[in-house]
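J.: Contents of structure_8.txt (compact mmCIF, C-alpha atoms) are below:
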# COMPACT_ATOMS: atom_id res chain seq x y z
CA MET E 1 0.00 0.00 0.00
CA ALA E 2 1.16 3.51 -0.78
CA PRO E 3 2.16 5.80 2.09
CA TYR E 4 -0.72 7.15 4.19
CA GLY E 5 -3.16 4.61 2.80
CA SER E 6 -3.42 6.20 -0.62
CA ASP E 7 -6.10 3.79 -1.78
CA ASP E 8 -8.38 4.31 -4.75
CA THR E 9 -11.90 4.42 -3.34
CA THR E 10 -13.77 3.97 -6.60
CA GLY E 11 -14.03 1.21 -9.16
CA THR E 12 -12.57 1.26 -12.64
CA ALA E 13 -14.34 3.76 -14.86
CA GLN E 14 -14.86 3.48 -18.56
CA ASP E 15 -15.33 6.51 -20.76
CA GLU E 16 -18.77 6.53 -22.32
CA ASP E 17 -19.69 7.94 -25.70
CA LEU E 18 -22.22 10.73 -25.68
CA ARG E 19 -25.68 9.27 -26.08
CA PRO E 20 -28.89 10.72 -27.48
CA GLY E 21 -30.60 10.13 -24.11
CA ARG E 22 -30.61 13.26 -21.97
CA ARG E 23 -31.42 13.93 -18.34
CA LYS E 24 -32.48 17.12 -16.65
CA ALA E 25 -29.69 19.09 -15.02
CA ALA E 26 -31.37 20.85 -12.13
CA ARG E 27 -28.17 22.42 -10.82
CA TYR E 28 -25.63 22.15 -13.64
CA VAL E 29 -23.73 25.31 -14.45
CA VAL E 30 -24.65 26.36 -17.98
CA PRO E 31 -24.04 30.04 -18.85
CA VAL E 32 -24.52 31.47 -22.30
CA ALA E 33 -20.99 32.88 -22.25
CA VAL E 34 -18.05 30.94 -20.91
CA VAL E 35 -17.33 33.85 -18.57
CA GLY E 36 -20.58 32.99 -16.82
CA VAL E 37 -19.37 29.46 -16.21
CA ALA E 38 -16.10 30.84 -14.91
CA ALA E 39 -17.98 33.07 -12.47
CA ALA E 40 -19.75 30.05 -11.06
CA THR E 41 -16.52 28.15 -10.54
CA ILE E 42 -14.58 30.79 -8.63
CA GLY E 43 -12.52 29.61 -5.78
CA LEU E 44 -10.79 26.48 -6.98
CA VAL E 45 -7.19 27.64 -6.15
CA PRO E 46 -3.99 26.78 -3.88
CA ALA E 47 -2.29 28.59 -0.97
CA LEU E 48 1.34 27.94 -0.10
CA ALA E 49 1.90 25.19 2.46
CA ASP E 50 4.41 25.48 5.27
CA SER E 51 7.73 23.69 4.82
CA GLY E 52 8.36 20.25 6.34
CA ASP E 53 5.61 17.65 6.02
CA PRO E 54 4.29 16.37 9.39
CA ASP E 55 4.47 12.72 10.43
CA LEU E 56 0.83 11.69 10.94
CA PRO E 57 -0.87 8.30 11.46
CA LYS E 58 -1.78 6.49 8.25
CA ILE E 59 -5.31 7.03 6.95
CA THR E 60 -7.28 5.75 3.95
CA ALA E 61 -9.03 7.99 1.46
CA GLN E 62 -12.46 6.86 2.65
CA GLN E 63 -11.50 7.54 6.26
CA LEU E 64 -10.35 11.03 5.29
CA ILE E 65 -13.60 11.71 3.40
CA ASP E 66 -15.52 10.51 6.46
CA LYS E 67 -13.40 12.85 8.62
CA ILE E 68 -14.42 15.81 6.44
CA ALA E 69 -18.08 14.74 6.59
CA LYS E 70 -18.04 14.44 10.38
CA SER E 71 -16.22 17.73 10.92
CA ASP E 72 -18.32 19.98 13.14
CA VAL E 73 -16.31 23.18 13.41
CA GLN E 74 -18.74 25.81 14.71
CA ARG E 75 -16.30 28.66 15.32
CA LEU E 76 -13.28 29.91 13.46
CA SER E 77 -11.53 33.00 12.19
CA GLY E 78 -8.71 33.51 9.77
CA THR E 79 -7.35 34.83 6.52
CA VAL E 80 -7.88 33.14 3.16
CA LYS E 81 -5.86 33.85 0.02
CA VAL E 82 -7.73 33.18 -3.23
CA THR E 83 -6.07 33.17 -6.65
CA THR E 84 -7.93 32.50 -9.89
CA ASP E 85 -6.22 32.00 -13.25
CA LEU E 86 -8.79 31.01 -15.87
CA GLY E 87 -6.66 32.33 -18.71
CA LEU E 88 -9.23 34.90 -19.83
CA PRO E 89 -7.93 37.94 -21.70
CA ASN E 90 -7.22 41.08 -19.68
CA LEU E 91 -9.55 43.56 -21.30
CA GLY E 92 -9.67 46.42 -18.85
CA GLY E 93 -12.22 44.94 -16.47
CA LEU E 94 -14.36 43.26 -19.14
CA GLU E 95 -13.77 39.86 -17.55
CA SER E 96 -15.14 40.76 -14.12
CA GLY E 97 -17.80 42.98 -15.68
CA LEU E 98 -19.22 40.16 -17.79
CA ALA E 99 -19.03 37.81 -14.83
CA SER E 100 -20.95 40.28 -12.70
CA GLY E 101 -23.61 40.58 -15.38
CA ALA E 102 -23.88 36.82 -15.71
CA ALA E 103 -24.33 36.52 -11.94
CA GLY E 104 -27.36 38.77 -11.92
CA GLY E 105 -25.97 42.16 -10.93
CA GLY E 106 -27.96 42.48 -7.69
CA ASP E 107 -30.07 45.55 -6.87
CA GLY E 108 -27.72 48.18 -8.25
CA SER E 109 -25.88 48.89 -5.00
CA SER E 110 -22.12 48.41 -5.02
CA ALA E 111 -22.59 46.76 -1.60
CA ASP E 112 -24.96 44.07 -2.94
CA PRO E 113 -23.18 40.70 -2.45
CA LYS E 114 -24.72 39.27 -5.64
CA ALA E 115 -22.53 41.60 -7.66
CA LYS E 116 -19.59 42.24 -5.34
CA LEU E 117 -18.44 38.67 -4.78
CA THR E 118 -18.09 38.04 -8.51
CA GLU E 119 -14.81 39.98 -8.29
CA LEU E 120 -13.26 36.73 -7.09
CA VAL E 121 -13.48 35.43 -10.66
CA SER E 122 -10.01 36.68 -11.51
CA GLY E 123 -6.70 37.65 -9.91
CA THR E 124 -5.52 37.29 -6.33
CA HIS E 125 -7.65 38.35 -3.37
CA THR E 126 -7.35 38.30 0.40
CA LEU E 127 -10.38 37.45 2.52
CA ARG E 128 -10.90 37.62 6.26
CA VAL E 129 -13.49 35.15 7.51
CA ALA E 130 -15.11 34.52 10.88
CA ALA E 131 -17.92 32.31 12.15
CA ASP E 132 -19.65 31.72 15.47
CA GLY E 133 -22.27 29.07 14.81
CA PRO E 134 -24.94 29.10 12.07
CA ASP E 135 -26.28 32.58 12.99
CA ARG E 136 -23.10 34.63 12.82
CA GLN E 137 -20.64 34.85 9.96
CA LYS E 138 -18.51 37.56 8.44
CA LEU E 139 -16.53 37.69 5.22
CA SER E 140 -14.37 40.69 4.30
CA LEU E 141 -12.77 41.24 0.89
CA LEU E 142 -9.65 43.37 1.37
CA GLU E 143 -8.87 45.74 -1.48
CA SER E 144 -6.28 48.42 -2.06
CA GLY E 145 -7.21 51.16 0.38
CA ALA E 146 -10.72 49.78 0.82
CA GLU E 147 -12.69 46.84 2.20
CA TYR E 148 -15.95 45.10 1.42
CA SER E 149 -17.65 43.25 4.28
CA LEU E 150 -20.58 40.85 4.28
CA ILE E 151 -22.00 40.24 7.78
CA HIS E 152 -24.71 37.83 8.92
CA ASP E 153 -25.87 38.46 12.48
CA GLY E 154 -29.08 36.67 13.40
CA LYS E 155 -31.86 37.78 11.06
CA ASP E 156 -29.84 40.64 9.56
CA VAL E 157 -27.46 40.51 6.62
CA TRP E 158 -25.33 43.56 5.88
CA GLY E 159 -23.05 44.34 2.95
CA TYR E 160 -20.75 47.36 3.22
CA ASP E 161 -18.48 48.81 0.53
CA SER E 162 -16.11 51.30 2.14
CA LYS E 163 -14.94 52.63 -1.24
CA SER E 164 -18.40 53.93 -2.21
CA ASN E 165 -19.72 54.20 1.37
CA GLU E 166 -22.75 52.16 0.34
CA VAL E 167 -24.63 49.68 2.52
CA TYR E 168 -26.87 46.78 1.53
CA HIS E 169 -29.31 45.41 4.11
CA GLY E 170 -31.32 42.22 3.84
CA THR E 171 -33.00 39.67 6.07
CA ALA E 172 -31.78 36.11 6.37
CA ALA E 173 -34.35 33.80 4.80
CA GLU E 174 -34.14 31.27 7.60
CA ALA E 175 -32.32 32.70 10.61
CA GLY E 176 -31.01 29.95 12.87
CA LYS E 177 -30.34 27.51 10.04
CA GLU E 178 -27.26 26.84 7.93
CA HIS E 179 -26.69 29.10 4.95
CA ARG E 180 -25.09 27.41 2.00
CA THR E 181 -23.03 29.30 -0.52
CA GLU E 182 -23.73 30.14 -4.16
CA ARG E 183 -20.33 31.79 -4.45
CA PRO E 184 -17.67 29.67 -2.77
CA ALA E 185 -15.14 31.59 -0.71
CA THR E 186 -13.46 29.17 1.71
CA PRO E 187 -11.58 25.89 1.20
CA LYS E 188 -14.49 24.00 2.78
CA ASP E 189 -16.96 25.46 0.26
CA PHE E 190 -14.79 24.25 -2.59
CA ALA E 191 -14.12 20.86 -1.00
CA ASP E 192 -17.84 20.18 -0.53
CA GLU E 193 -18.48 20.94 -4.20
CA ALA E 194 -15.57 18.79 -5.35
CA LEU E 195 -16.71 15.82 -3.24
CA LYS E 196 -20.08 15.94 -4.97
CA ALA E 197 -18.27 15.15 -8.20
CA VAL E 198 -16.78 11.89 -6.93
CA ASP E 199 -18.19 8.78 -8.64
CA ASP E 200 -16.86 5.73 -10.47
CA THR E 201 -15.17 7.99 -13.01
CA THR E 202 -12.90 9.35 -10.28
CA SER E 203 -9.74 8.26 -8.47
CA VAL E 204 -9.51 9.37 -4.83
CA THR E 205 -6.30 8.83 -2.83
CA VAL E 206 -4.39 10.23 0.13
CA ASP E 207 -1.32 12.07 -1.14
CA GLY E 208 0.81 12.51 1.97
CA THR E 209 0.71 15.34 4.49
CA ALA E 210 1.40 19.07 4.70
CA HIS E 211 1.59 22.06 7.02
CA VAL E 212 -1.05 24.70 6.17
CA ALA E 213 -1.45 27.91 8.20
CA GLY E 214 0.56 26.31 11.01
CA ARG E 215 -1.70 23.23 11.15
CA ASP E 216 -0.92 19.57 10.41
CA ALA E 217 -2.97 18.32 7.49
CA TYR E 218 -3.58 15.31 5.25
CA LYS E 219 -3.79 15.82 1.49
CA LEU E 220 -6.73 14.29 -0.38
CA LEU E 221 -6.14 13.92 -4.14
CA ILE E 222 -9.08 13.72 -6.57
CA LYS E 223 -8.31 12.88 -10.22
CA PRO E 224 -10.66 12.16 -13.14
CA LYS E 225 -10.10 8.79 -14.83
CA GLN E 226 -11.67 9.91 -18.08
CA SER E 227 -9.93 11.47 -21.05
CA GLY E 228 -11.51 14.49 -22.63
CA THR E 229 -11.89 16.54 -19.43
CA THR E 230 -9.91 19.72 -18.81
CA VAL E 231 -9.66 18.96 -15.07
CA GLY E 232 -6.26 17.58 -14.12
CA ALA E 233 -6.45 17.12 -10.36
CA ILE E 234 -7.97 18.55 -7.19
CA SER E 235 -5.96 18.60 -3.96
CA ILE E 236 -7.61 19.25 -0.59
CA ALA E 237 -5.54 19.78 2.56
CA VAL E 238 -7.60 18.56 5.54
CA ASP E 239 -6.85 19.59 9.12
CA ALA E 240 -5.70 16.43 10.90
CA GLU E 241 -7.39 17.39 14.19
CA THR E 242 -10.74 18.89 13.14
CA GLY E 243 -11.32 17.53 9.61
CA GLN E 244 -11.77 21.11 8.36
CA PRO E 245 -10.47 21.68 4.78
CA LEU E 246 -7.68 24.26 4.97
CA LYS E 247 -6.58 24.49 1.36
CA PHE E 248 -8.10 23.69 -2.04
CA THR E 249 -6.21 23.50 -5.32
CA LEU E 250 -7.50 22.74 -8.80
CA THR E 251 -4.99 22.26 -11.61
CA PRO E 252 -5.90 21.84 -15.28
CA ARG E 253 -4.94 18.82 -17.35
CA SER E 254 -2.98 21.16 -19.64
CA GLY E 255 -0.55 21.83 -16.78
CA GLY E 256 0.88 25.08 -15.48
CA ALA E 257 -0.38 27.15 -12.58
CA ALA E 258 -3.52 26.22 -10.69
CA VAL E 259 -6.78 27.42 -12.15
CA LEU E 260 -8.00 28.14 -8.65
CA ASP E 261 -6.20 28.17 -5.33
CA ALA E 262 -7.86 28.95 -2.00
CA GLY E 263 -6.14 28.39 1.29
CA PHE E 264 -5.92 29.68 4.83
CA THR E 265 -2.75 31.61 5.55
CA GLN E 266 -3.86 32.01 9.19
CA VAL E 267 -6.63 30.20 11.08
CA SER E 268 -7.91 29.89 14.65
CA PHE E 269 -10.70 27.66 15.95
CA ASP E 270 -11.33 29.84 19.01
CA ARG E 271 -14.59 31.78 19.30
CA PRO E 272 -14.30 35.20 17.58
CA ALA E 273 -15.06 38.28 19.67
CA ALA E 274 -18.78 39.14 19.66
CA SER E 275 -17.96 42.61 18.32
CA THR E 276 -16.69 40.99 15.10
CA PHE E 277 -20.29 40.69 13.90
CA ASP E 278 -21.55 44.11 15.03
CA PHE E 279 -22.46 46.55 12.27
CA THR E 280 -24.07 49.98 12.17
CA PRO E 281 -24.27 51.90 8.87
CA PRO E 282 -21.68 54.73 8.91
CA LYS E 283 -22.94 58.30 8.94
CA GLY E 284 -23.79 59.51 5.46
CA ALA E 285 -23.77 56.03 3.92
CA LYS E 286 -26.32 55.22 1.24
CA VAL E 287 -28.43 52.27 2.46
CA THR E 288 -30.22 49.98 0.00
CA GLU E 289 -32.86 47.65 1.44
CA GLY E 290 -33.16 44.23 -0.15
CA LYS E 291 -36.49 43.11 -1.54
CA ALA E 292 -38.80 41.19 0.77
CA ASP E 293 -38.30 37.99 -1.22
CA ASP E 294 -34.57 38.55 -1.75
CA LYS E 295 -33.24 35.69 0.36
CA ALA E 296 -30.21 37.61 1.55
CA GLY E 297 -28.05 35.58 3.83
CA HIS E 298 -29.07 32.33 2.14
CA GLY E 299 -26.53 31.40 -0.46
CA GLU E 300 -24.04 34.20 0.10
CA PHE E 301 -22.07 32.74 3.02
CA GLY E 302 -19.75 29.80 2.96
CA GLU E 303 -20.41 26.86 5.24
CA PHE E 304 -17.59 27.75 7.61
CA GLY E 305 -18.37 25.09 10.18
CA HIS E 306 -21.12 22.67 9.35
CA SER E 307 -20.45 19.52 7.41
CA THR E 308 -23.54 18.79 5.32
CA LEU E 309 -22.13 17.73 1.96
CA SER E 310 -25.38 18.07 0.04
CA ASP E 311 -28.84 19.49 0.63
CA GLY E 312 -31.41 17.21 2.20
CA LYS E 313 -28.92 14.96 3.97
CA GLY E 314 -28.19 14.47 7.64
CA ALA E 315 -25.96 16.70 9.72
CA ASP E 316 -23.10 14.28 9.21
CA GLY E 317 -23.52 14.37 5.41
CA LYS E 318 -24.17 10.64 5.25
CA ARG E 319 -26.58 8.40 3.45
CA ALA E 320 -28.29 5.50 5.19
CA GLY E 321 -25.43 3.35 3.95
CA GLY E 322 -22.98 5.28 6.11
CA LYS E 323 -20.92 7.05 3.42
CA PRO E 324 -21.01 10.74 2.58
CA ASP E 325 -23.40 11.58 -0.24
CA LEU E 326 -21.11 12.24 -3.18
CA ALA E 327 -23.39 13.18 -6.04
CA GLY E 328 -22.23 13.12 -9.64
CA PRO E 329 -20.32 15.90 -11.37
CA GLY E 330 -23.52 17.29 -12.82
CA GLN E 331 -24.48 18.37 -9.30
CA GLY E 332 -21.23 20.10 -8.36
CA PHE E 333 -19.31 23.32 -8.99
CA GLY E 334 -22.06 25.85 -8.89
CA LYS E 335 -25.75 26.65 -9.18
CA GLY E 336 -27.70 25.32 -12.13
CA MET E 337 -29.88 26.68 -14.92
CA GLU E 338 -33.43 25.49 -15.48
CA GLY E 339 -34.10 23.74 -18.77
CA ALA E 340 -30.58 22.46 -19.27
CA THR E 341 -29.90 18.82 -20.06
CA VAL E 342 -26.74 16.78 -19.68
CA LEU E 343 -24.97 14.56 -22.20
CA GLY E 344 -22.42 11.93 -21.20
CA LYS E 345 -21.21 10.84 -17.80
CA GLY E 346 -18.85 11.93 -15.06
CA TRP E 347 -16.18 14.53 -15.63
CA THR E 348 -16.92 14.62 -19.38
CA SER E 349 -20.58 15.57 -18.83
CA ILE E 350 -21.68 18.37 -21.13
CA ALA E 351 -24.62 20.64 -20.36
CA THR E 352 -26.66 21.84 -23.31
CA PHE E 353 -29.63 24.13 -23.91
CA ASP E 354 -31.19 26.21 -26.65
CA SER E 355 -30.44 29.90 -26.17
CA GLY E 356 -33.14 30.87 -28.66
CA ALA E 357 -30.64 33.15 -30.42
CA LYS E 358 -30.78 31.94 -34.00
CA GLY E 359 -27.70 32.94 -35.89
CA GLY E 360 -25.42 32.17 -32.95
CA LEU E 361 -23.71 35.24 -31.47
CA PRO E 362 -25.59 38.55 -31.22
CA THR E 363 -25.96 40.37 -34.55
CA GLY E 364 -28.02 43.23 -35.93
CA SER E 365 -27.73 46.99 -35.97
CA SER E 366 -27.73 47.43 -32.19
CA ASP E 367 -25.44 44.63 -31.11
CA GLY E 368 -23.57 43.57 -34.22
CA ALA E 369 -20.35 45.07 -32.88
CA LEU E 370 -20.68 42.99 -29.74
CA GLY E 371 -21.22 39.86 -31.80
CA GLY E 372 -18.15 40.59 -33.87
CA PHE E 373 -16.08 41.29 -30.77
CA LEU E 374 -17.16 38.08 -29.04
CA GLY E 375 -16.57 36.14 -32.22
CA SER E 376 -13.00 37.39 -32.34
CA LEU E 377 -12.37 35.86 -28.92
CA GLY E 378 -13.49 32.37 -29.91
CA ASP E 379 -12.43 29.59 -32.28
CA HIS E 380 -14.67 28.92 -35.26
CA VAL E 381 -15.57 25.25 -35.70
CA SER E 382 -17.82 23.17 -37.93
CA GLY E 383 -19.23 19.66 -38.06
CA LYS E 384 -22.41 17.72 -38.71
CA PHE E 385 -24.20 20.27 -36.53
CA GLY E 386 -23.19 23.11 -38.86
CA LYS E 387 -21.01 26.00 -37.71
CA GLY E 388 -20.30 27.57 -34.34
CA THR E 389 -17.83 29.31 -32.04
CA VAL E 390 -15.96 27.81 -29.09
CA PHE E 391 -15.07 30.07 -26.15
CA SER E 392 -12.32 28.69 -23.95
CA THR E 393 -10.78 29.11 -20.53
CA ARG E 394 -8.21 26.87 -18.88
CA LEU E 395 -11.06 24.97 -17.24
CA VAL E 396 -14.45 25.48 -18.88
CA ASN E 397 -15.22 25.56 -22.60
CA ALA E 398 -18.48 26.46 -24.33
CA LEU E 399 -19.65 25.97 -27.92
CA VAL E 400 -22.33 28.30 -29.29
CA THR E 401 -23.69 26.99 -32.61
CA ASP E 402 -25.10 29.18 -35.36
CA ASP E 403 -28.57 27.79 -34.68
CA GLY E 404 -28.47 28.98 -31.05
CA LYS E 405 -27.54 25.78 -29.23
CA VAL E 406 -25.05 26.00 -26.35
CA TYR E 407 -22.80 23.13 -25.16
CA ALA E 408 -20.64 23.76 -22.08
CA GLY E 409 -18.48 21.78 -19.69
CA ALA E 410 -15.03 21.14 -18.27
CA VAL E 411 -14.15 19.30 -21.47
CA THR E 412 -12.01 19.81 -24.56
CA LYS E 413 -13.13 21.57 -27.73
CA ASP E 414 -13.24 18.22 -29.56
CA MET E 415 -15.65 16.84 -26.94
CA LEU E 416 -17.99 19.80 -27.47
CA VAL E 417 -17.99 19.31 -31.24
CA LYS E 418 -18.65 15.58 -30.75
CA ALA E 419 -21.59 16.38 -28.46
CA ALA E 420 -23.07 18.83 -30.98
CA ASP E 421 -22.69 16.27 -33.78
CA ALA E 422 -24.37 13.58 -31.66
CA GLY E 423 -27.36 15.88 -31.24
CA LYS E 424 -28.03 15.78 -34.97
When written as structure tokens, how does the structure in this file appear?
T.:
Amino acid sequence: MAPYGSDDTTGTAQDEDLRPGRRKAARYVVPVAVVGVAAATIGLVPALADSGDPDLPKITAQQLIDKIAKSDVQRLSGTVKVTTDLGLPNLGGLESGLASGAAGGGDGSSADPKAKLTELVSGTHTLRVAADGPDRQKLSLLESGAEYSLIHDGKDVWGYDSKSNEVYHGTAAEAGKEHRTERPATPKDFADEALKAVDDTTSVTVDGTAHVAGRDAYKLLIKPKQSGTTVGAISIAVDAETGQPLKFTLTPRSGGAAVLDAGFTQVSFDRPAASTFDFTPPKGAKVTEGKADDKAGHGEFGEFGHSTLSDGKGADGKRAGGKPDLAGPGQGFGKGMEGATVLGKGWTSIATFDSGAKGGLPTGSSDGALGGFLGSLGDHVSGKFGKGTVFSTRLVNALVTDDGKVYAGAVTKDMLVKAADAGK
């Protein structure tokens, strides 16, 4: 056996050809533009580990997964470094601007978390996080000379942008209950999403140990067995004492730097000071009230402490069979789009839908320039399906055909063309 019980917890997978049969994808990420997909996958990135690997007792991959599932950290505080390198062109803010638009834009306030947190889609960012049970969390995005804070304190949710002196106020949809994240921000958020993607198309092993933020940790390695996916490997550093994920790294199959790297540079599991979660709008600040049905507080905070790996499961994230519920890849890495269907299996799953935009990219007198600009960013392809344009990042690719069909996934361009041809 390999060191630290690096056993493969899944059976041998066989790549499957794309089939005409389709299934509904209730939560699969399927944006019209590939930037939208990128916005939904923010946070898959690595922080530097301390030098000198610790000598820890041997553990199997399944035991380490169980340790994550049983982790019940209620209180913590620390600093998280997030770096995202999707390989998108630097076009003077266009990247984050499109991502913000794809994410919904919020209510127009610069303090609205729906828009603000999309800034994590590119570059390197520093976050301060704190949690004291399910009713109190705080996440602060540190910027040059400014800070954005998102605070959940009981029934109230506050967003504050110090640069514009704007405040967003909403009410938690279900105060007293866990609030899952739509925009991952901590290593645990990312780890939970990655574990949902584990099935028989995946190899899961323990890859030694590491020091992260002064803590001893095991390293869980997740690797797709299928060819055709752009995902190379996912590494999760898990705190040896608490089972809390401390670092998450996703590297592409093409090699090079991580696509996403999120890791604690400092962490404490002591209770944060009560004043951490206090907030009063500063004098002169513009305050925007969220809509009554705007479930602020639900979906904007990471699950700092609780260990539910998927909605509707027990507090320990387990099925009746005793193992964590690890749903297929179609359920992971982001919120879904209604009406989408999925072709294929596992890591080579491709989401598809009809955009209704005949002629492919936007054209016409009002938006023809936009269509031409977007077309210049993509690769023109053709096949049995006709013609189309592929938009690529280092992780997610999307094919928009001239008849308005969209095919998207963490797969190669050839896989997208194959999927479009199979649909004919």
J.: So which residues are close to (-13.3, 16.6, -6.9), meaning at most 7 Å away in the file's coordinates with only C-alpha atoms counted, and can you show them as a list in words?
T.: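 Using only C-alpha atoms, the matching residues come out as Ala194, Leu195, Ala197, Val198, Ile222 and Ile234 of chain E.
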J.: Smallest atom-to-atom distance to E:His169: which of E:Gly290, E:Gly383, E:Pro54, E:Gly404, using only C-alpha atoms?
T.: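 Ranked by minimum distance to E:His169, first place goes to E:Gly290.
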J.: Enter the distance from atom CA of E:Asp55 to atom CA of E:Ser268, in Å, rounded to one decimal.
T.: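 Rounded to one decimal, the two atoms are 21.6 Å apart.
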J.: Identify which of the residues E:Asp135, E:Asp161, E:Asp72, E:Asp421 lies closest to E:Pro245, counting only C-alpha atoms when measuring atom-to-atom distances.
T.: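 For E:Pro245, the nearest of the given residues is E:Asp72.
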J.: Hey, which of E:Asp66, E:Asp379, E:Asp278, E:Glu289 ends up closest to E:Asp414? Count all atoms listed in the file.
T.: E:Asp379
J.: State, in Å with one decimal place, the distance from atom CA of E:Gln74 to atom CA of E:Ala146.
T.: 28.8 Å
J.: Select, from E:Ser164, E:Asn397, E:Ser392, E:Thr201, the residue with the minimum atom-to-atom distance to E:Gly145, counting all atoms listed in the file.
T.: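 Smallest separation from E:Gly145 among the options: E:Ser164.
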J.: Compile the contact shell of stretch 349-352 of chain E as a VMD selection string: residues with an atom at most 7 Å away, counting all atoms listed in the file, same-chain residues fewer than 2 positions apart removed.
T.: chain E and resid 28 30 330 340 to 347 406 to 409
J.: Please save C-alpha atoms of the selected residues as a PDB file, in the coordinates of the input.
T.:
ATOM      1  CA  TYR E  28     -25.630  22.150 -13.640  1.00  0.00           C
ATOM      2  CA  VAL E  30     -24.650  26.360 -17.980  1.00  0.00           C
ATOM      3  CA  GLY E 330     -23.520  17.290 -12.820  1.00  0.00           C
ATOM      4  CA  ALA E 340     -30.580  22.460 -19.270  1.00  0.00           C
ATOM      5  CA  THR E 341     -29.900  18.820 -20.060  1.00  0.00           C
ATOM      6  CA  VAL E 342     -26.740  16.780 -19.680  1.00  0.00           C
ATOM      7  CA  LEU E 343     -24.970  14.560 -22.200  1.00  0.00           C
ATOM      8  CA  GLY E 344     -22.420  11.930 -21.200  1.00  0.00           C
ATOM      9  CA  LYS E 345     -21.210  10.840 -17.800  1.00  0.00           C
ATOM     10  CA  GLY E 346     -18.850  11.930 -15.060  1.00  0.00           C
ATOM     11  CA  TRP E 347     -16.180  14.530 -15.630  1.00  0.00           C
ATOM     12  CA  VAL E 406     -25.050  26.000 -26.350  1.00  0.00           C
ATOM     13  CA  TYR E 407     -22.800  23.130 -25.160  1.00  0.00           C
ATOM     14  CA  ALA E 408     -20.640  23.760 -22.080  1.00  0.00           C
ATOM     15  CA  GLY E 409     -18.480  21.780 -19.690  1.00  0.00           C
TER      16      GLY E 409
END
J.: Calculated over only C-alpha atoms, which of the candidates E:Ser382, E:Thr209, E:Gln244, E:Ser109 has the smallest distance to E:Ser71?
T.: E:Gln244
J.: For E:Thr265, which residue out of E:Val206, E:Val82, E:Ala130, E:Ile236 is the nearest one, using only C-alpha atoms?
T.: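 Of E:Val206, E:Val82, E:Ala130, E:Ile236, the one nearest E:Thr265 is E:Val82, counting only C-alpha atoms.
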